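Accompanying notes for the structure given below.
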Amino acid sequence: MKLLEWRVRRVPVGKISLILGILAFVLFATWKIWALTGYWSLEPAFDSIRNFFLNLRDKFGGPGELPMGLYNTIIITLKLLGILVVLLLIGAYSTLMERKILAFMQDRLGPTRVGPRGILQPIADGLKLLQKECIVPLGADRNFHYLAPVICFIPALMGAVLIPFGKGLIPVDLNVGILYFFALGAFGELGIFLAAWGSNNKYSAIAGFRAVAQLVSYEIPMAFCIMSIVLLSGSLKIGDIINAQIEGATAYGGLGFPIWFIVPQFLGFLIFFLSAVAETNRTPFDLAEAESELVSGFHTEYTGLRWAFFFLAEYVNIFIGASIITAMYLGGYAGPELPFLGITLSSVVWFCLKVFLIFFIIVWLRGTLPRLRVDQLMMLCWKRLIPIAMANFLLTGIFVFANTVRLTPQLWPVHLENSAYTSIAAIVFILIAMFGLAWFFAKDLLKPIKERDA
Amino acid sequence: MVDDFQATTQFSTVLLFFFGAIGFGVISLFMNQITGGRFPSPSKLSTYECGNDPHADADIPFNFRFAVIAVIFLLFEIELVFFLPWAVSFRNLLFTTGWPAFFEMITFFFILILAFVYVWRKGGLEWDRN
């Protein structure tokens, strides 16, 4: 078969054995750690590492009592494999979906040749990319060049543990949930910048500077929107945020009535959506991989699967971003139970529908809007989104404060003794500051961006 | 105790995902090394500059604005560190300490806004294109 024709010239035995050895060690170590988590109520991580070695010494050769640990290990491994497969499918098929949607918008057919209606196109693309030669350009930093695609892919896969696929189907409902999502966003920047810096290409270098400035800037409005949501829900857990929207119970820190957070947080939704689009380097914010000016920017020098990894990471990140938007603003998997499907399955259907809606809007933006300039991009972030996000955060804080005070009689002002002076002073300060800010922002926000450039 | 146990299990899962990502990446990229072959030539290995011979290294100077953006970003990131725990435990704080839980943080917020306004007024956010 020509497609799978192997072109082996020399097999680096030393490298293979080194990598296999490292992999074996890593796999063994992780397996041992999970096995331990099964039956030790581990206190800090250091204890677990010490116990690991003690256990190794005591039980070496003997029959270990690991049924619970083994069970956990199997469950976790199955989760990993399942999510990996799902993510690969999503990464592959969102490219097809995007091409089809764009083709529909531009009045053409899109891929049709491979399989019925082009349904096998992503697989053909993958096989083609697998056959491509890996090139490291002269003068490039080899290690960075090798590492960057993997580093881009790590946060994409790690972020997938947060996705609320359905009722009770969150792979790991971390207690720092949304903060973890935020941290992984910063991790992704590292991969992009390493790729740009390690390529020894001027286009890539420029793209790297732009990417870092852009991603770093757009994190701030995102953070403000996240904090507004956290104020409303009272928890960082994805599951709690969704529950606060479905049940509105104050036990979850909800508002006291069930409502999707897109209603009280519409501004926040818009800002978070724009920031998420910018964080995933999509048009109209794709300055870091601008095809027409920077020759696809930070991955100019990449070929084959390494190039594909950037795209896989990008599409998976879009999916994760869309899931987080869905979970934070659109009620996650909330929705009426569908006929003939159980509660779980219909929640999965609702979640997929919402995520697809967000994905469709992102592709729609790509099909409609031209790319921004660098100064417009930074100005949009620093002079529009951040002030609006801050105002939104402040208003949310005031709202939650008022709502909580309304719901709890012991907080009513009659009972306020020691704190009265602080509060009154703060109110006066706030009034003065708000007046100044209103004057300042009203003057500056109303001017369109174009005038500034003249 | 239960929370600790759960958290440990959760984060060991995350650790597994970390290693899984590295493993998957390294294995598939290594596979690509084998299937892709290796046929280097000088023109193939040269840096891409639209068909011209590459001019110099890519250690190009960059706009100082990027550094300013980074410094201002730090201001906001520190603010995030202060705000997030407050936002999580806001209601509990209200129940235990009363109204200052709200007003003291708001005071801090306005000091931050004053800093932001100062940066804006000084032209720290302008992107001059010279």
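Convention: chains lettered A, B, ... in structure tokens order; per-chain residue numbering from 1; ligands numbered from 1 as shown.
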**Request:** Extract, using only C-alpha atoms, all DNA, RNA and protein residues at most 10 Å from Gln33 in chain B, discarding same-chain residues fewer than 3 positions from it, and format them as a ChimeraX atom specification.
**Result:** /A:8,11,130-135,304-305 /B:27-30,36-38
Write out the residues from the selection above, keeping C-alpha atoms, as a PDB file, in the first residue's frame.
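Saved result, part-v7.pdb, follows:
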```pdb
ATOM      1  CA  VAL A   8      13.106   3.600   7.263  1.00  0.00           C
ATOM      2  CA  VAL A  11      16.691   3.129  13.487  1.00  0.00           C
ATOM      3  CA  LEU A 130       1.930  10.826   9.575  1.00  0.00           C
ATOM      4  CA  GLN A 131       3.954  10.260   6.420  1.00  0.00           C
ATOM      5  CA  LYS A 132       5.500  13.715   6.387  1.00  0.00           C
ATOM      6  CA  GLU A 133       9.122  14.203   7.274  1.00  0.00           C
ATOM      7  CA  CYS A 134       9.943  15.970  10.520  1.00  0.00           C
ATOM      8  CA  ILE A 135      12.187  18.900   9.776  1.00  0.00           C
ATOM      9  CA  GLY A 304       3.979  16.422   9.940  1.00  0.00           C
ATOM     10  CA  LEU A 305       2.441  15.264  13.174  1.00  0.00           C
TER      11      LEU A 305
ATOM     12  CA  ILE B  27       5.000   8.113  21.187  1.00  0.00           C
ATOM     13  CA  SER B  28       3.148   9.591  18.241  1.00  0.00           C
ATOM     14  CA  LEU B  29       5.874  12.079  17.436  1.00  0.00           C
ATOM     15  CA  PHE B  30       8.396   9.281  17.614  1.00  0.00           C
ATOM     16  CA  GLY B  36       8.349  10.220   7.952  1.00  0.00           C
ATOM     17  CA  GLY B  37      11.884   9.206   7.108  1.00  0.00           C
ATOM     18  CA  ARG B  38      14.796  11.560   7.028  1.00  0.00           C
TER      19      ARG B  38
END
```
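Near chain A, within 6 Å and using only C-alpha atoms, the residues of chain B are B:Phe5, B:Phe17, B:Ala21, B:Gly25, B:Asn32, B:Thr35, B:Gly36, B:Gly37, B:Leu45, B:Ser46, B:Thr47, B:Ala58, B:Ala87, B:Val88, B:Trp127.
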Write a file of the selected residues as a PDB file, in the first residue's frame, keeping N, CA and C atoms.
```pdb
ATOM      1  N   PHE B   5      -8.898  13.029  51.049  1.00  0.00           N
ATOM      2  CA  PHE B   5      -8.763  11.800  50.276  1.00  0.00           C
ATOM      3  C   PHE B   5      -9.236  12.014  48.848  1.00  0.00           C
ATOM      4  N   PHE B  17      -3.180  12.281  33.830  1.00  0.00           N
ATOM      5  CA  PHE B  17      -3.452  12.924  32.542  1.00  0.00           C
ATOM      6  C   PHE B  17      -2.215  13.629  32.031  1.00  0.00           C
ATOM      7  N   ALA B  21      -0.581  12.653  28.578  1.00  0.00           N
ATOM      8  CA  ALA B  21      -0.374  13.587  27.471  1.00  0.00           C
ATOM      9  C   ALA B  21       1.059  13.495  26.983  1.00  0.00           C
ATOM     10  N   GLY B  25       2.025  12.138  23.324  1.00  0.00           N
ATOM     11  CA  GLY B  25       2.759  13.039  22.441  1.00  0.00           C
ATOM     12  C   GLY B  25       4.073  12.436  22.002  1.00  0.00           C
ATOM     13  N   ASN B  32       6.130   9.292  14.075  1.00  0.00           N
ATOM     14  CA  ASN B  32       6.272  10.140  12.900  1.00  0.00           C
ATOM     15  C   ASN B  32       7.720  10.210  12.446  1.00  0.00           C
ATOM     16  N   THR B  35       8.043   6.887  10.447  1.00  0.00           N
ATOM     17  CA  THR B  35       7.288   6.824   9.195  1.00  0.00           C
ATOM     18  C   THR B  35       7.631   7.961   8.256  1.00  0.00           C
ATOM     19  N   GLY B  36       8.081   9.076   8.814  1.00  0.00           N
ATOM     20  CA  GLY B  36       8.349  10.220   7.952  1.00  0.00           C
ATOM     21  C   GLY B  36       9.668  10.127   7.228  1.00  0.00           C
ATOM     22  N   GLY B  37      10.582   9.293   7.741  1.00  0.00           N
ATOM     23  CA  GLY B  37      11.884   9.206   7.108  1.00  0.00           C
ATOM     24  C   GLY B  37      12.730  10.429   7.385  1.00  0.00           C
ATOM     25  N   LEU B  45      16.571  22.429   4.992  1.00  0.00           N
ATOM     26  CA  LEU B  45      16.829  22.750   6.393  1.00  0.00           C
ATOM     27  C   LEU B  45      16.968  24.241   6.654  1.00  0.00           C
ATOM     28  N   SER B  46      17.032  25.040   5.588  1.00  0.00           N
ATOM     29  CA  SER B  46      17.214  26.468   5.838  1.00  0.00           C
ATOM     30  C   SER B  46      15.909  27.077   6.329  1.00  0.00           C
ATOM     31  N   THR B  47      16.062  28.176   7.081  1.00  0.00           N
ATOM     32  CA  THR B  47      14.883  28.841   7.644  1.00  0.00           C
ATOM     33  C   THR B  47      14.016  29.406   6.526  1.00  0.00           C
ATOM     34  N   ALA B  58      17.166  34.866  14.325  1.00  0.00           N
ATOM     35  CA  ALA B  58      15.854  35.417  14.650  1.00  0.00           C
ATOM     36  C   ALA B  58      15.873  36.168  15.967  1.00  0.00           C
ATOM     37  N   ALA B  87     -13.816  35.991  46.576  1.00  0.00           N
ATOM     38  CA  ALA B  87     -15.051  35.713  45.850  1.00  0.00           C
ATOM     39  C   ALA B  87     -15.636  34.365  46.252  1.00  0.00           C
ATOM     40  N   VAL B  88     -14.744  33.378  46.509  1.00  0.00           N
ATOM     41  CA  VAL B  88     -15.254  32.056  46.856  1.00  0.00           C
ATOM     42  C   VAL B  88     -15.958  32.094  48.215  1.00  0.00           C
ATOM     43  N   TRP B 127      -0.525  52.258  22.075  1.00  0.00           N
ATOM     44  CA  TRP B 127       0.347  51.410  21.275  1.00  0.00           C
ATOM     45  C   TRP B 127       0.900  52.262  20.158  1.00  0.00           C
TER      46      TRP B 127
END
```
**Request:** Would you mind telling me which residue in A:Ser17, A:Ser94, A:Gln245, A:Asn143 lies nearest to Ile362 in chain A when using only C-alpha atoms?
**Result:**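 Looking at the shortest contact to Ile362 in chain A, the residue is A:Ser94.
The space between CA of Arg65 in chain B and CA of Gly208 in chain A spans 14.2 Å.
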**Prompt:** Can you tell me, as an NGL selection string, what residues are no more than 12 Å from Gly332 in chain A when counting only C-alpha atoms, ignoring any on the same chain fewer than 6 positions away?
**Reply:** :A and (162-170 or 238-246 or 259-262 or 322-326 or 347-355)
Hey, can you spit out that residue selection with N, CA and C atoms as a compact mmCIF listing (two decimals), in the first residue's frame?
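Resulting contents of out.txt:
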```txt
# COMPACT_ATOMS: atom_id res chain seq x y z
N LEU A 162 -12.11 18.54 33.13
CA LEU A 162 -13.13 19.40 33.72
C LEU A 162 -14.45 19.38 32.97
N ILE A 163 -14.46 18.82 31.75
CA ILE A 163 -15.62 18.99 30.89
C ILE A 163 -16.83 18.26 31.46
N PRO A 164 -17.93 18.98 31.73
CA PRO A 164 -19.12 18.33 32.27
C PRO A 164 -19.94 17.70 31.15
N PHE A 165 -19.59 16.49 30.76
CA PHE A 165 -20.24 15.87 29.60
C PHE A 165 -21.73 15.63 29.84
N GLY A 166 -22.10 15.45 31.09
CA GLY A 166 -23.51 15.20 31.38
C GLY A 166 -23.70 15.11 32.88
N LYS A 167 -24.92 14.82 33.29
CA LYS A 167 -25.21 14.75 34.73
C LYS A 167 -24.41 13.60 35.35
N GLY A 168 -23.52 13.95 36.26
CA GLY A 168 -22.68 12.94 36.88
C GLY A 168 -21.59 12.40 35.98
N LEU A 169 -21.33 13.09 34.89
CA LEU A 169 -20.32 12.60 33.95
C LEU A 169 -19.13 13.56 33.84
N ILE A 170 -18.84 14.28 34.91
CA ILE A 170 -17.63 15.10 34.91
C ILE A 170 -16.48 14.17 35.26
N ILE A 238 -16.93 23.01 39.02
CA ILE A 238 -17.82 23.08 37.86
C ILE A 238 -19.19 22.52 38.22
N GLY A 239 -19.20 21.40 38.93
CA GLY A 239 -20.47 20.78 39.30
C GLY A 239 -21.32 21.72 40.14
N ASP A 240 -20.68 22.42 41.09
CA ASP A 240 -21.44 23.35 41.93
C ASP A 240 -21.95 24.53 41.14
N ILE A 241 -21.15 25.01 40.18
CA ILE A 241 -21.59 26.14 39.37
C ILE A 241 -22.84 25.75 38.59
N ILE A 242 -22.83 24.55 38.00
CA ILE A 242 -23.99 24.11 37.23
C ILE A 242 -25.19 23.90 38.14
N ASN A 243 -24.94 23.31 39.33
CA ASN A 243 -26.04 23.09 40.26
C ASN A 243 -26.65 24.40 40.72
N ALA A 244 -25.78 25.41 40.92
CA ALA A 244 -26.29 26.71 41.35
C ALA A 244 -27.23 27.29 40.30
N GLN A 245 -26.98 26.95 39.02
CA GLN A 245 -27.86 27.47 37.98
C GLN A 245 -29.14 26.65 37.87
N ILE A 246 -29.01 25.33 38.06
CA ILE A 246 -30.19 24.49 37.90
C ILE A 246 -31.13 24.65 39.07
N ILE A 259 -31.75 30.13 37.73
CA ILE A 259 -31.61 30.94 36.52
C ILE A 259 -30.25 30.66 35.91
N TRP A 260 -30.19 30.60 34.58
CA TRP A 260 -28.89 30.46 33.94
C TRP A 260 -28.14 31.76 34.09
N PHE A 261 -26.83 31.65 34.33
CA PHE A 261 -26.06 32.85 34.64
C PHE A 261 -25.90 33.78 33.45
N ILE A 262 -26.36 33.36 32.26
CA ILE A 262 -26.25 34.28 31.13
C ILE A 262 -27.19 35.46 31.33
N ALA A 322 -15.52 26.17 24.92
CA ALA A 322 -16.96 26.15 24.69
C ALA A 322 -17.66 25.43 25.84
N SER A 323 -17.04 24.35 26.33
CA SER A 323 -17.66 23.62 27.45
C SER A 323 -17.70 24.49 28.70
N ILE A 324 -16.61 25.24 28.93
CA ILE A 324 -16.58 26.06 30.14
C ILE A 324 -17.61 27.19 30.02
N ILE A 325 -17.72 27.77 28.81
CA ILE A 325 -18.74 28.81 28.61
C ILE A 325 -20.11 28.22 28.89
N THR A 326 -20.34 27.01 28.34
CA THR A 326 -21.63 26.35 28.55
C THR A 326 -21.89 26.11 30.03
N SER A 347 -29.16 14.70 29.23
CA SER A 347 -28.27 15.80 29.65
C SER A 347 -27.06 15.87 28.74
N VAL A 348 -26.57 14.69 28.30
CA VAL A 348 -25.44 14.70 27.35
C VAL A 348 -25.86 15.39 26.06
N VAL A 349 -27.07 15.08 25.60
CA VAL A 349 -27.55 15.69 24.36
C VAL A 349 -27.63 17.20 24.49
N TRP A 350 -28.18 17.66 25.62
CA TRP A 350 -28.29 19.12 25.81
C TRP A 350 -26.92 19.76 25.84
N PHE A 351 -25.99 19.11 26.55
CA PHE A 351 -24.63 19.67 26.63
C PHE A 351 -24.01 19.78 25.24
N CYS A 352 -24.15 18.70 24.45
CA CYS A 352 -23.54 18.71 23.11
C CYS A 352 -24.18 19.80 22.25
N LEU A 353 -25.50 19.95 22.36
CA LEU A 353 -26.16 20.99 21.57
C LEU A 353 -25.62 22.37 21.91
N LYS A 354 -25.49 22.64 23.20
CA LYS A 354 -25.01 23.97 23.60
C LYS A 354 -23.58 24.20 23.14
N VAL A 355 -22.74 23.17 23.31
CA VAL A 355 -21.35 23.32 22.89
C VAL A 355 -21.28 23.53 21.38
```
**Message:** Report, in Å to a single decimal, how far apart CA of Tyr93 in chain A and CA of Ile123 in chain A are.
**Reply:** 9.0 Å
**Request:** Return the single residue from A:Val13, A:Ala92, A:Ala211, A:Ala148 that is closest to Ile22 in chain B, with distances computed using only C-alpha atoms.
**Result:** A:Ala148
**Request:** Give me, please, the distance in Å between CA of Phe181 in chain A and CA of Leu294 in chain A, quoted to one decimal.
**Result:**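 Here the two named atoms are 29.2 Å from each other.
Among A:Thr283, A:Leu431, A:Phe356, A:Leu267, the residue with the shortest atom-to-atom distance to Ala391 in chain A, counting only C-alpha atoms, is A:Leu267.
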**Request:** Pull the alpha helix (DSSP H) assignments for chain B out of DSSP run on the backbone, and list those residues as a PyMOL selection string.
**Result:** chain B and resi 2-36+42-45+65-88+90-97+100-121
**Request:** Write out as a count of residues only each polymer residue whose atoms come within 8 Å of range 118-124 of chain B, counting only C-alpha atoms; drop sequence neighbours fewer than 3 positions from it.
**Result:** 3
